[in-house]
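Asker: Handing over start.cif, mmCIF, C-alpha atoms and all ligand atoms.
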```
data_target
#
loop_
_atom_site.label_atom_id
_atom_site.label_comp_id
_atom_site.auth_asym_id
_atom_site.auth_seq_id
_atom_site.Cartn_x
_atom_site.Cartn_y
_atom_site.Cartn_z
CA MET N 10 79.98 100.69 102.35
CA ALA N 11 79.86 104.44 102.00
CA ALA N 12 77.17 105.87 99.75
CA GLY N 13 78.24 105.95 96.12
CA GLU N 14 80.95 103.40 96.71
CA LYS N 15 79.96 99.85 95.91
CA ASP N 16 81.75 96.86 97.40
CA VAL N 17 81.94 93.60 95.53
CA VAL N 18 83.10 90.56 97.47
CA ALA N 19 84.03 87.21 95.93
CA PHE N 20 82.00 84.39 97.42
CA GLY N 21 82.94 82.18 94.49
CA ALA N 22 85.83 80.29 95.99
CA ARG N 23 83.53 78.83 98.64
CA ARG N 24 82.21 76.62 95.88
CA ALA N 25 85.58 75.79 94.39
CA HIS N 26 87.84 72.81 95.02
CA PRO N 27 89.92 73.57 98.17
CA ALA N 28 93.14 73.41 96.17
CA LEU N 29 91.82 76.00 93.72
CA ALA N 30 90.13 78.34 96.18
CA PRO N 31 93.16 80.50 97.11
CA ALA N 32 94.11 80.99 93.44
CA LEU N 33 90.51 81.80 92.55
CA ASP N 34 90.17 84.28 95.38
CA ARG N 35 93.49 85.88 94.47
CA ALA N 36 92.43 86.21 90.82
CA ALA N 37 89.08 87.74 91.84
CA TYR N 38 90.84 90.21 94.12
CA VAL N 39 93.55 91.34 91.70
CA GLY N 40 90.82 91.58 89.05
CA GLY N 41 89.20 94.34 91.09
CA LEU N 42 86.83 92.78 93.60
CA ASP N 43 87.05 94.31 97.06
CA GLY N 44 87.53 91.25 99.21
CA VAL N 45 87.31 87.48 99.50
CA SER N 46 85.39 85.28 101.89
CA THR N 47 87.58 82.22 102.41
CA LEU N 48 90.33 82.07 105.03
CA ARG N 49 92.88 80.57 102.67
CA GLY N 50 91.98 83.02 99.93
CA ALA N 51 92.43 85.91 102.32
CA GLU N 52 95.78 84.47 103.36
CA ALA N 53 96.81 84.27 99.70
CA ILE N 54 96.19 87.99 99.19
CA GLY N 55 97.41 89.09 102.62
CA GLU N 56 94.10 90.71 103.59
CA GLU N 57 91.43 90.03 106.18
CA PRO N 58 88.58 87.81 104.90
CA ILE N 59 85.17 89.45 104.51
CA GLY N 60 81.96 87.57 105.09
CA THR N 61 78.52 87.61 106.57
CA MET N 62 76.44 85.15 108.56
CA PRO N 63 74.92 82.11 106.81
CA HIS N 64 71.23 81.16 106.87
CA ALA N 65 72.31 78.19 108.98
CA LEU N 66 72.77 80.56 111.92
CA MET N 67 69.13 81.65 111.89
CA ILE N 68 67.95 78.10 111.30
CA VAL N 69 69.98 76.73 114.22
CA PHE N 70 68.71 79.48 116.53
CA GLY N 71 65.17 79.21 115.16
CA ASP N 72 64.76 82.94 115.73
CA GLN N 73 66.35 85.71 113.66
CA VAL N 74 66.61 88.32 116.39
CA GLU N 75 68.31 85.91 118.77
CA ALA N 76 70.72 84.88 116.03
CA TRP N 77 71.61 88.49 115.10
CA ARG N 78 72.09 89.42 118.75
CA ALA N 79 74.34 86.40 119.36
CA TYR N 80 76.41 87.30 116.31
CA ASP N 81 76.77 90.85 117.54
CA GLU N 82 77.74 89.61 120.98
CA VAL N 83 80.47 87.15 120.02
CA MET N 84 82.03 88.52 116.82
CA PRO N 85 85.24 90.53 117.27
CA HIS N 86 84.79 94.29 117.42
CA GLY N 87 86.20 95.03 113.94
CA VAL N 88 83.92 92.63 112.07
CA PRO N 89 81.15 94.58 110.31
CA ARG N 90 77.69 93.58 111.52
CA VAL N 91 75.85 92.47 108.39
CA ALA N 92 72.54 90.79 109.22
CA LEU N 93 71.03 88.31 106.80
CA VAL N 94 67.37 89.32 106.55
CA ASP N 95 65.51 86.96 104.28
CA THR N 96 65.40 83.69 106.18
CA TYR N 97 61.76 83.29 107.15
CA PHE N 98 59.89 86.56 106.66
CA ASP N 99 59.68 89.42 104.23
CA GLU N 100 62.97 91.28 103.65
CA LYS N 101 61.72 94.66 104.81
CA VAL N 102 60.21 93.23 107.99
CA GLU N 103 63.42 91.42 108.87
CA ALA N 104 65.60 94.41 107.85
CA VAL N 105 63.74 96.72 110.23
CA ARG N 106 63.83 94.12 113.01
CA ALA N 107 67.61 93.67 112.54
CA ALA N 108 68.19 97.42 112.64
CA GLU N 109 66.11 97.72 115.80
CA ALA N 110 67.90 94.76 117.41
CA ILE N 111 71.52 95.74 116.61
CA GLY N 112 71.07 99.51 116.50
CA GLU N 113 73.85 101.73 115.21
CA ARG N 114 76.37 98.86 115.16
CA LEU N 115 74.49 97.38 112.21
CA LYS N 116 76.59 98.05 109.12
CA ALA N 117 74.27 96.48 106.56
CA VAL N 118 71.52 94.00 105.91
CA ARG N 119 72.05 91.23 103.40
CA LEU N 120 69.35 90.07 101.00
CA ASP N 121 70.04 86.63 99.59
CA THR N 122 66.50 86.05 98.37
CA PRO N 123 66.14 82.93 96.18
CA GLY N 124 65.20 83.66 92.57
CA SER N 125 61.84 81.88 93.02
CA ARG N 126 60.79 84.45 95.66
CA ARG N 127 62.26 87.58 94.16
CA GLY N 128 59.62 89.07 91.91
CA SER N 129 61.45 92.28 91.13
CA PHE N 130 64.67 92.34 93.14
CA PRO N 131 65.31 96.07 92.44
CA GLU N 132 61.86 96.86 93.84
CA ILE N 133 62.56 94.81 96.98
CA ILE N 134 65.82 96.76 97.44
CA ARG N 135 64.04 100.11 97.01
CA GLU N 136 61.40 99.01 99.50
CA VAL N 137 63.98 97.94 102.12
CA ARG N 138 65.89 101.23 101.63
CA TRP N 139 62.69 103.23 102.08
CA GLU N 140 61.62 101.42 105.24
CA LEU N 141 65.10 101.71 106.80
CA ASP N 142 65.43 105.42 105.94
CA LEU N 143 61.97 106.22 107.23
CA ARG N 144 62.96 104.85 110.63
CA GLY N 145 66.26 106.74 110.70
CA PHE N 146 68.52 103.84 109.71
CA ASN N 147 69.99 105.77 106.78
CA ASP N 148 73.51 104.52 107.47
CA VAL N 149 72.58 100.84 107.26
CA GLY N 150 73.80 99.57 103.88
CA ILE N 151 72.13 96.98 101.67
CA PHE N 152 74.26 94.04 100.66
CA VAL N 153 72.87 91.59 98.09
CA SER N 154 73.97 88.14 97.01
CA GLY N 155 72.75 85.08 95.15
CA GLY N 156 73.13 84.41 91.43
CA LEU N 157 74.50 87.88 90.63
CA ASP N 158 76.26 88.55 87.34
CA GLU N 159 77.76 91.84 86.21
CA GLU N 160 74.48 93.04 84.73
CA ALA N 161 72.63 92.33 87.99
CA VAL N 162 75.32 94.22 89.94
CA ARG N 163 74.73 97.27 87.74
CA ARG N 164 70.92 97.03 87.95
CA LEU N 165 70.76 96.38 91.69
CA GLY N 166 73.36 99.06 92.37
CA ASP N 167 71.12 101.56 90.59
CA ALA N 168 68.23 100.38 92.80
CA GLY N 169 70.21 101.19 95.95
CA ALA N 170 72.32 98.13 96.80
CA ASP N 171 75.65 99.13 98.35
CA GLY N 172 77.50 95.83 98.23
CA PHE N 173 77.41 92.54 96.36
CA GLY N 174 78.51 89.00 97.10
CA VAL N 175 79.28 87.28 93.82
CA GLY N 176 79.72 83.52 93.81
CA THR N 177 78.99 81.32 90.84
CA TYR N 178 79.67 84.03 88.27
CA VAL N 179 83.22 84.29 89.60
CA SER N 180 83.96 80.60 90.23
CA CYS N 181 82.29 79.49 86.97
CA ALA N 182 83.07 82.55 84.86
CA PRO N 183 82.95 82.13 81.05
CA ALA N 184 86.25 80.84 79.68
CA VAL N 185 88.59 83.27 77.94
CA ASP N 186 89.97 81.23 75.07
CA PHE N 187 93.71 81.58 74.66
CA ALA N 188 96.68 79.52 73.53
CA LEU N 189 100.41 79.53 74.11
CA ASP N 190 102.45 78.85 70.99
CA ILE N 191 106.12 78.44 70.16
CA VAL N 192 106.84 81.14 67.57
CA GLU N 193 110.65 81.24 67.67
CA VAL N 194 113.31 78.67 68.58
CA GLU N 195 116.71 80.13 69.50
CA GLY N 196 116.39 82.90 66.96
CA ARG N 197 114.86 80.71 64.23
CA LEU N 198 111.41 81.84 63.18
CA ALA N 199 108.98 79.02 63.82
CA ALA N 200 105.22 79.16 64.11
CA LYS N 201 102.55 76.66 63.26
CA ARG N 202 99.96 77.49 60.63
CA GLY N 203 97.58 80.18 61.73
CA LYS N 204 100.13 81.80 64.08
CA LEU N 205 102.53 84.70 63.51
CA SER N 206 106.24 83.85 63.66
CA GLY N 207 108.79 85.55 65.86
CA ARG N 208 108.90 87.04 69.34
CA LYS N 209 106.71 90.07 69.78
CA GLN N 210 106.33 92.96 72.12
CA VAL N 211 103.01 94.52 73.07
CA TRP N 212 103.36 98.29 73.34
CA ARG N 213 100.75 100.13 75.32
CA CYS N 214 99.85 103.79 75.56
CA HIS N 215 98.69 104.10 79.16
CA ARG N 216 96.89 107.33 78.36
CA CYS N 217 94.74 106.04 75.46
CA MET N 218 94.83 102.35 76.46
CA VAL N 219 95.87 101.50 72.90
CA ASP N 220 98.03 98.42 72.23
CA VAL N 221 100.34 97.84 69.29
CA VAL N 222 102.04 94.48 68.61
CA HIS N 223 105.46 94.68 66.93
CA PRO N 224 108.40 92.31 66.34
CA TYR N 225 110.31 92.16 69.62
CA GLU N 226 113.50 93.93 68.52
CA ARG N 227 111.83 96.86 66.79
CA ALA N 228 112.15 100.29 68.44
CA PRO N 229 109.20 101.49 70.58
CA PRO N 230 106.46 102.96 68.39
CA LYS N 231 104.57 106.19 69.07
CA CYS N 232 100.93 105.90 70.08
CA PRO N 233 98.81 105.92 66.90
CA THR N 234 96.17 107.97 68.72
CA CYS N 235 98.07 110.63 70.71
CA ASN N 236 101.57 110.23 69.27
CA GLY N 237 102.80 109.81 72.86
CA GLU N 238 105.23 107.35 74.38
CA MET N 239 104.26 103.67 74.52
CA LYS N 240 105.51 101.26 77.18
CA ALA N 241 106.37 97.58 76.83
CA ALA N 242 103.48 95.60 78.33
CA LEU N 243 105.42 92.31 78.42
CA GLN N 244 108.06 92.03 81.12
CA PRO N 245 110.00 88.83 81.91
CA LEU N 246 108.84 87.30 85.19
CA ILE N 247 110.50 83.88 85.05
CA ASN N 248 113.76 82.99 83.33
CA ASN N 249 115.04 79.39 83.44
CA GLY N 250 112.77 78.66 86.37
CA GLU N 251 114.01 81.66 88.35
CA ILE N 252 111.73 84.53 89.26
CA VAL N 253 113.48 87.52 87.72
CA GLY N 254 110.64 90.02 87.60
CA ASP N 255 109.22 92.22 90.27
CA LEU N 256 106.29 90.22 91.68
CA LYS N 257 104.07 92.90 93.17
CA PRO N 258 101.74 92.26 96.11
CA PRO N 259 98.09 91.49 95.19
CA ARG N 260 96.87 94.85 96.53
CA GLU N 261 99.20 96.68 94.15
CA ILE N 262 98.25 94.52 91.16
CA ARG N 263 94.60 95.19 91.97
CA GLU N 264 95.19 98.95 92.04
CA PHE N 265 96.88 98.70 88.63
CA ALA N 266 93.97 96.67 87.23
CA LEU N 267 91.39 99.12 88.60
CA ASP N 268 93.34 102.07 87.28
CA GLN N 269 93.26 100.57 83.79
CA ILE N 270 89.54 99.81 84.05
CA ARG N 271 88.87 103.43 85.05
CA LYS N 272 90.82 104.62 82.02
CA ILE N 273 88.88 102.33 79.69
CA GLU N 274 85.59 103.56 81.20
CA ARG N 275 86.60 107.17 80.51
CA LEU N 276 87.34 106.48 76.83
ZN ZN N 301 98.00 107.51 73.32
#
```
Can you give me the file's structure in the form of structure tokens?
Answerer:
Amino acid sequence: MAAGEKDVVAFGARRAHPALAPALDRAAYVGGLDGVSTLRGAEAIGEEPIGTMPHALMIVFGDQVEAWRAYDEVMPHGVPRVALVDTYFDEKVEAVRAAEAIGERLKAVRLDTPGSRRGSFPEIIREVRWELDLRGFNDVGIFVSGGLDEEAVRRLGDAGADGFGVGTYVSCAPAVDFALDIVEVEGRLAAKRGKLSGRKQVWRCHRCMVDVVHPYERAPPKCPTCNGEMKAALQPLINNGEIVGDLKPPREIREFALDQIRKIERL
């Protein structure tokens, strides 16, 4: 959680059906999120799971400081110490107490404040940042979670949050409507009404992020924007039930996705 670099972790699959969770976590990860919090999801992407303590820990201990200290004592060395600081008291009071209890091993505090108690969440984040900095805990990051959508991530990031746990808005994301249609049968043009007949290729200029759809057999077009080379975006992955394409590891797919997002942001 370095300054200027925001982490977004998928908490969504924790709410999903167990059979769906690994696929959901994988999709969230290749879509650009930084990590996943379920064991099976992490297994599916070949990475270590990322998570923080639950409120249950503080409730079972009945005392935040004892709970944070116990976590620090028993968790393996490489696990970042992220203390949940909104269980019973005010966030800034608990954040300072956590920093004083764990010291320089504390990587971040997590605010998971329920909506009913938030008031202005950006203001709470600014306040926590101020109180931590004033006491010399400048390296302690602020991780936020609870009902965050993409707009909240932007707003809270501007207020000083360094990391985000996103749950429901990943596991119950709005549907992207799409359909698969037969458009050609062994060379014979065939499409139902409302659909375009014939196999097609999507040509993409990776510099301008411009797509052009042409009949499959037609020669590659030039980019209508920069007149540069366009590449075929559709590549066969399965043929007659056999995997024929190059199935890249999730980390590599994620890099590709992020690279494209960066290009779109620059346009
Ligand atoms: Zn171009």
Asker: Would you please work out which residue, of N:Val219, N:Glu75, N:Pro123, N:Val83, is nearest to Arg106 (chain N) when using all atoms listed in the file?
Answerer: N:Glu75
Asker: Leaving out Thr177 (chain N) and any residue of its chain fewer than 2 positions from it, which residues lie within 8 Å of it when counting all atoms listed in the file, given as an MDAnalysis selection string?
Answerer: chainID N and resid 20:21 24 156:157 175 179:182
Asker: Identify, counting all atoms listed in the file, the protein, DNA and RNA residues located within 10 Å of ligand ZN 301 (chain N), and give them as a CSV table (one decimal) with C-alpha atoms, keeping the file's coordinate frame.
Answerer:
```
chain,number,residue,atom,x,y,z
N,213,ARG,CA,100.8,100.1,75.3
N,214,CYS,CA,99.8,103.8,75.6
N,215,HIS,CA,98.7,104.1,79.2
N,216,ARG,CA,96.9,107.3,78.4
N,217,CYS,CA,94.7,106.0,75.5
N,218,MET,CA,94.8,102.4,76.5
N,219,VAL,CA,95.9,101.5,72.9
N,220,ASP,CA,98.0,98.4,72.2
N,231,LYS,CA,104.6,106.2,69.1
N,232,CYS,CA,100.9,105.9,70.1
N,233,PRO,CA,98.8,105.9,66.9
N,234,THR,CA,96.2,108.0,68.7
N,235,CYS,CA,98.1,110.6,70.7
N,236,ASN,CA,101.6,110.2,69.3
N,237,GLY,CA,102.8,109.8,72.9
N,238,GLU,CA,105.2,107.4,74.4
N,239,MET,CA,104.3,103.7,74.5
```
Asker: Can you measure CA of Gly166 (chain N) to CA of Met84 (chain N) for me? One decimal in Å is fine.
Answerer: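 Taking CA of Gly166 (chain N) and CA of Met84 (chain N), their separation equals 28.0 Å.
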Asker: I want to know what sits within 12 Å of Phe70 (chain N), based on all atoms listed in the file, with residues of the same chain fewer than 6 positions away left out; could you give that as a ChimeraX atom specification?
Answerer: /N:63-64,76-80,96
Asker: Taking the point (100.0, 95.0, 88.7) as given in the file, collect each protein or nucleic acid residue that comes within 12 Å of it, counting only C-alpha atoms, and present the set as a VMD selection string.
Answerer: chain N and resid 36 38 to 41 242 to 244 254 to 269
Asker: My list of candidates is N:Asn147, N:Thr61, N:Asn249, N:Thr47. Which is closest to Arg119 (chain N) when distances are computed with only C-alpha atoms?
Answerer: N:Thr61
Asker: For CA of Leu276 (chain N) and CA of Asp43 (chain N), determine how far apart the two atoms are, in Å to one decimal place.
Answerer: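 According to the coordinates, CA of Leu276 (chain N) and CA of Asp43 (chain N) are separated by 23.6 Å.
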Asker: May I ask which of the residues N:Val211, N:Val74, N:Val18, N:Ile134 is the closest one to Glu109 (chain N), counting only C-alpha atoms?
Answerer: N:Val74
Asker: Expressed in Å to a single decimal, how great is the separation between CA of Lys201 (chain N) and CA of Pro224 (chain N)?
Answerer: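 Going from CA of Lys201 (chain N) over to CA of Pro224 (chain N) covers 17.0 Å.
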